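Reviewing the structure listed below.
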Amino acid sequence: TNSFPGWQLIAAYAGFTTVGLSLYYLNCRENHRNEVEMRGARNVIYALLLAERDREYLKQLRRNRDEEAALMKDVKGWEVGTWYGEPVFKTLPKDKLVDPTFEEFYVHSASKDRANRKNVKMWA
């Protein structure tokens, strides 16, 4: 019969195990290096994404004010951001930003867009 002697089987086992563990170790090091790089990239881009979100939020507030001005231009005594010239929030300084409610923010958008966004907001 053509069979390998015991010492050759043990040597082959030791060789394959050593090579396999070496490759596994190198792969783990590479994966760790990639994870560190991705974590750093996420940390860097997070600030940019927050700034873009805030910028778009402020742009939408400006579009809402412009739309209100266009809609109410024929109403006598109407001032944008007030209730017929009276400030809505009398105790706050004029430069204080009051976040609008969800409905106020999406008041000039399509009903379908508002409903889709509300659905997303409820799932978050």
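FYI, nothing fancy with the structure tokens labels: chains A, B, ... in order, residues from 1 per chain, ligands from 1 as they appear.
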Q | Which of chain A DSSP labels strand (DSSP E or B), written as a list in words | A | Thr82, Trp83, Glu86 and Pro87 of chain A
Q) Any idea what the distance is between CA of Arg65 (chain A) and CA of Ser109 (chain A)? A)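 Computing it gives 12.8 Å between the two atoms.
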(Q) Env of region 51-63 of chain A: 12 Å cut, atoms = only C-alpha atoms, seq-sep filter 2 positions within chain, self excluded. Answer as number ranges by chain. (A) A: 44-49, 65-70, 80-81, 97-102, 104-109
Go ahead and save the residues from that selection, with N, CA, C and O atoms, as a CSV table (one decimal), in the first residue's frame.
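Final file, out07.csv:
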chain,number,residue,atom,x,y,z
A,44,VAL,N,-14.0,62.1,10.0
A,44,VAL,CA,-13.7,63.3,9.3
A,44,VAL,C,-15.0,63.8,8.5
A,44,VAL,O,-15.3,64.9,8.5
A,45,ILE,N,-15.7,62.8,7.9
A,45,ILE,CA,-16.8,63.2,7.0
A,45,ILE,C,-18.0,63.6,7.8
A,45,ILE,O,-18.9,64.3,7.3
A,46,TYR,N,-18.1,63.1,9.1
A,46,TYR,CA,-19.3,63.4,9.9
A,46,TYR,C,-19.5,64.9,10.1
A,46,TYR,O,-20.7,65.3,9.9
A,47,ALA,N,-18.5,65.6,10.3
A,47,ALA,CA,-18.6,67.1,10.5
A,47,ALA,C,-19.1,67.7,9.2
A,47,ALA,O,-20.0,68.6,9.3
A,48,LEU,N,-18.6,67.3,8.1
A,48,LEU,CA,-19.0,67.8,6.8
A,48,LEU,C,-20.5,67.5,6.6
A,48,LEU,O,-21.3,68.4,6.1
A,49,LEU,N,-20.9,66.3,6.9
A,49,LEU,CA,-22.3,65.9,6.7
A,49,LEU,C,-23.3,66.7,7.6
A,49,LEU,O,-24.3,67.2,7.1
A,65,ARG,N,-39.7,81.4,4.1
A,65,ARG,CA,-39.9,82.9,4.3
A,65,ARG,C,-40.2,83.5,3.0
A,65,ARG,O,-41.1,84.4,2.9
A,66,ASP,N,-39.5,83.2,1.9
A,66,ASP,CA,-39.7,83.8,0.6
A,66,ASP,C,-41.1,83.4,0.1
A,66,ASP,O,-41.8,84.2,-0.5
A,67,GLU,N,-41.5,82.2,0.3
A,67,GLU,CA,-42.8,81.7,-0.1
A,67,GLU,C,-43.9,82.4,0.6
A,67,GLU,O,-44.9,82.8,0.1
A,68,GLU,N,-43.7,82.6,1.9
A,68,GLU,CA,-44.7,83.3,2.7
A,68,GLU,C,-44.8,84.8,2.3
A,68,GLU,O,-45.9,85.3,2.1
A,69,ALA,N,-43.7,85.4,1.9
A,69,ALA,CA,-43.7,86.8,1.4
A,69,ALA,C,-44.4,86.9,0.1
A,69,ALA,O,-45.2,87.8,-0.1
A,70,ALA,N,-44.2,85.9,-0.8
A,70,ALA,CA,-44.9,85.9,-2.1
A,70,ALA,C,-46.4,85.6,-1.9
A,70,ALA,O,-47.3,86.3,-2.6
A,80,VAL,N,-43.5,89.5,7.1
A,80,VAL,CA,-43.1,88.1,7.1
A,80,VAL,C,-42.4,87.8,8.5
A,80,VAL,O,-41.7,88.6,9.0
A,81,GLY,N,-42.8,86.7,9.1
A,81,GLY,CA,-42.3,86.3,10.3
A,81,GLY,C,-43.0,86.9,11.5
A,81,GLY,O,-42.6,86.7,12.7
A,97,LEU,N,-33.2,82.2,16.8
A,97,LEU,CA,-33.9,81.3,15.8
A,97,LEU,C,-34.7,80.3,16.6
A,97,LEU,O,-34.3,79.6,17.5
A,98,VAL,N,-36.0,80.3,16.3
A,98,VAL,CA,-37.0,79.4,16.9
A,98,VAL,C,-37.2,78.3,15.8
A,98,VAL,O,-37.7,78.5,14.7
A,99,ASP,N,-36.9,77.0,16.2
A,99,ASP,CA,-37.1,75.9,15.3
A,99,ASP,C,-38.5,75.7,15.0
A,99,ASP,O,-39.3,75.6,15.9
A,100,PRO,N,-38.9,75.6,13.7
A,100,PRO,CA,-40.3,75.4,13.4
A,100,PRO,C,-40.7,74.0,13.7
A,100,PRO,O,-39.9,73.1,13.8
A,101,THR,N,-42.0,73.7,13.9
A,101,THR,CA,-42.5,72.4,14.0
A,101,THR,C,-42.4,71.7,12.7
A,101,THR,O,-42.1,72.3,11.7
A,102,PHE,N,-42.6,70.4,12.7
A,102,PHE,CA,-42.5,69.6,11.5
A,102,PHE,C,-43.4,70.1,10.4
A,102,PHE,O,-43.1,70.3,9.3
A,104,GLU,N,-44.8,73.1,10.2
A,104,GLU,CA,-44.4,74.4,9.8
A,104,GLU,C,-43.2,74.4,8.8
A,104,GLU,O,-43.2,75.1,7.8
A,105,PHE,N,-42.3,73.5,9.0
A,105,PHE,CA,-41.1,73.3,8.2
A,105,PHE,C,-41.5,72.9,6.8
A,105,PHE,O,-41.0,73.3,5.8
A,106,TYR,N,-42.5,71.9,6.7
A,106,TYR,CA,-42.9,71.4,5.4
A,106,TYR,C,-44.2,72.0,4.9
A,106,TYR,O,-44.8,71.4,4.0
A,107,VAL,N,-44.6,73.2,5.4
A,107,VAL,CA,-45.9,73.7,5.0
A,107,VAL,C,-46.0,74.1,3.5
A,107,VAL,O,-47.0,73.9,2.9
A,108,HIS,N,-44.9,74.4,2.9
A,108,HIS,CA,-44.9,74.8,1.5
A,108,HIS,C,-44.4,73.7,0.5
A,108,HIS,O,-44.2,74.0,-0.6
A,109,SER,N,-44.3,72.5,1.0
A,109,SER,CA,-43.9,71.4,0.1
A,109,SER,C,-45.1,70.6,-0.2
A,109,SER,O,-46.2,70.7,0.3
